[in-house]
Amino acid sequence: MISEAIDRYFPRLATMPELKKELVEISQIHRFEAGTVILKQGSYIKVIPLLISGLAKVFKEEPEEGNEVLLYYIKPGESCVMSVTTLVKNQTSQVKAVIEEDSEVVIIPAEQALAIAKKYPKWNEFIYDLFNLKFEELLQVIEILTFSKKDKRLLEYLKKEAKLKERRILHTTHQQIAYDLGSSREVISRLLKKLEQEGFIHLKQGAIEIVDYT
């Protein structure tokens, strides 16, 4: 099953038979339920995850206030690039990763991941390209946080959630959105009402319908 998962979701890694063979030998597939924290901020990296189904989110926690800000998503065919860079530096994690939707993850033990990085250039190419992709996502987050009005920031968040999950109706709470955006439930509720009045969304019981998320 790991072999098929690599072929389907990580085709670049599958192009090198030796690398694929070693990944199959050292990895396991784990299933995680939504809400599971797979990486705690401040902990050492024990495994490198390769997501093959579901969705995960990576947050930055503020130690003093306990607020969180969503940094980027991990989709099938991706990994937590900050886990890899932290592992290489032998430092504790500066972020937290949480399973957003029930997921299947190929788990690579940390020590073996370091060994693979030394042996296979194709693995490092995969990580570098992923780093560039997530860096672009981080720049978008910074732009939204720094320069965008709060209602625009919220609308961009909702559209991205809908696009990633491929559905127009998001089953979430105002409090969960507040956690993701590092805001308060009261502020989010007020902004959602404003977006509804402007015709961008429809508020439902326990859900939000996005009029257009393209």
# chains A, B, ... in the order shown; residues from 1 in each chain; ligands from 1
$ residues_around --residues "region 76-82 of chain A" --least-positions-apart "6" --cutoff "6 Å" --atoms "only C-alpha atoms" --output "PDB file with N, CA, C and O atoms, in the first residue's frame"
ATOM      1  N   TYR A   9       0.798   9.783  -5.069  1.00  0.00           N
ATOM      2  CA  TYR A   9       0.855  11.122  -4.476  1.00  0.00           C
ATOM      3  C   TYR A   9       2.246  11.761  -4.492  1.00  0.00           C
ATOM      4  O   TYR A   9       2.367  12.979  -4.356  1.00  0.00           O
ATOM      5  N   PHE A  10       3.268  10.953  -4.660  1.00  0.00           N
ATOM      6  CA  PHE A  10       4.637  11.481  -4.681  1.00  0.00           C
ATOM      7  C   PHE A  10       5.397  10.891  -5.870  1.00  0.00           C
ATOM      8  O   PHE A  10       6.406  10.202  -5.709  1.00  0.00           O
ATOM      9  N   PRO A  49       6.006  13.436   8.177  1.00  0.00           N
ATOM     10  CA  PRO A  49       4.747  12.946   7.604  1.00  0.00           C
ATOM     11  C   PRO A  49       4.639  13.239   6.107  1.00  0.00           C
ATOM     12  O   PRO A  49       4.991  14.323   5.637  1.00  0.00           O
ATOM     13  N   LEU A  50       4.141  12.277   5.358  1.00  0.00           N
ATOM     14  CA  LEU A  50       3.791  12.468   3.954  1.00  0.00           C
ATOM     15  C   LEU A  50       2.289  12.226   3.842  1.00  0.00           C
ATOM     16  O   LEU A  50       1.825  11.095   4.005  1.00  0.00           O
ATOM     17  N   LEU A  51       1.532  13.275   3.602  1.00  0.00           N
ATOM     18  CA  LEU A  51       0.073  13.165   3.606  1.00  0.00           C
ATOM     19  C   LEU A  51      -0.414  12.518   2.307  1.00  0.00           C
ATOM     20  O   LEU A  51      -0.016  12.934   1.217  1.00  0.00           O
ATOM     21  N   ILE A  52      -1.273  11.505   2.434  1.00  0.00           N
ATOM     22  CA  ILE A  52      -1.817  10.855   1.241  1.00  0.00           C
ATOM     23  C   ILE A  52      -3.342  10.981   1.155  1.00  0.00           C
ATOM     24  O   ILE A  52      -3.930  10.666   0.119  1.00  0.00           O
ATOM     25  N   SER A  53      -3.992  11.429   2.219  1.00  0.00           N
ATOM     26  CA  SER A  53      -5.418  11.743   2.150  1.00  0.00           C
ATOM     27  C   SER A  53      -5.758  12.679   3.295  1.00  0.00           C
ATOM     28  O   SER A  53      -5.060  12.741   4.301  1.00  0.00           O
ATOM     29  N   PHE A 131       9.389  23.592  -0.017  1.00  0.00           N
ATOM     30  CA  PHE A 131       9.719  24.776   0.777  1.00  0.00           C
ATOM     31  C   PHE A 131       9.350  26.049   0.010  1.00  0.00           C
ATOM     32  O   PHE A 131       8.771  26.981   0.582  1.00  0.00           O
TER      33      PHE A 131
END
$ select_by_dssp --residues "region 34-207 of chain A" --states "strand (DSSP E or B)" --output "ChimeraX atom specification"
/A:37-39,44,47-61,68-74,79,92,96-109,169-170,201-204,207
$ closest_residue --among "A:Tyr73, A:Lys119, A:Ile48, A:Lys96" --to "Met16 (chain A)" --atoms "only C-alpha atoms"
A:Lys119
$ atom_distance --atom1 "CA of Asn90 (chain A)" --atom2 "CA of Leu71 (chain A)"
21.6 Å
$ residues_around --residues "Leu13 (chain A)" --least-positions-apart "2" --cutoff "10 Å" --atoms "only C-alpha atoms" --output "PDB file with C-alpha atoms, in the first residue's frame"
ATOM      1  CA  ILE A   6       4.095   6.953  -3.269  1.00  0.00           C
ATOM      2  CA  ASP A   7       3.348   6.271  -6.939  1.00  0.00           C
ATOM      3  CA  TYR A   9       0.855  11.122  -4.476  1.00  0.00           C
ATOM      4  CA  PHE A  10       4.637  11.481  -4.681  1.00  0.00           C
ATOM      5  CA  PRO A  11       5.475  10.523  -8.274  1.00  0.00           C
ATOM      6  CA  THR A  15      11.097   7.952 -10.224  1.00  0.00           C
ATOM      7  CA  MET A  16      14.135   6.744  -8.275  1.00  0.00           C
ATOM      8  CA  PRO A  17      13.626   3.021  -7.568  1.00  0.00           C
ATOM      9  CA  GLU A  18      16.228   2.867  -4.804  1.00  0.00           C
ATOM     10  CA  LEU A  19      14.658   5.782  -2.944  1.00  0.00           C
ATOM     11  CA  LYS A  20      11.160   4.384  -3.320  1.00  0.00           C
ATOM     12  CA  LEU A  23      10.834   4.578   1.758  1.00  0.00           C
ATOM     13  CA  TYR A 120      19.190  10.792  -2.401  1.00  0.00           C
ATOM     14  CA  LYS A 122      15.714  13.515  -5.476  1.00  0.00           C
ATOM     15  CA  TRP A 123      14.434  13.693  -1.893  1.00  0.00           C
ATOM     16  CA  ASN A 124      16.136  17.054  -1.352  1.00  0.00           C
ATOM     17  CA  GLU A 125      14.709  18.381  -4.630  1.00  0.00           C
ATOM     18  CA  PHE A 126      11.249  17.420  -3.398  1.00  0.00           C
TER      19      PHE A 126
END
$ atom_distance --atom1 "CA of Ser3 (chain A)" --atom2 "CA of Ile74 (chain A)"
20.5 Å
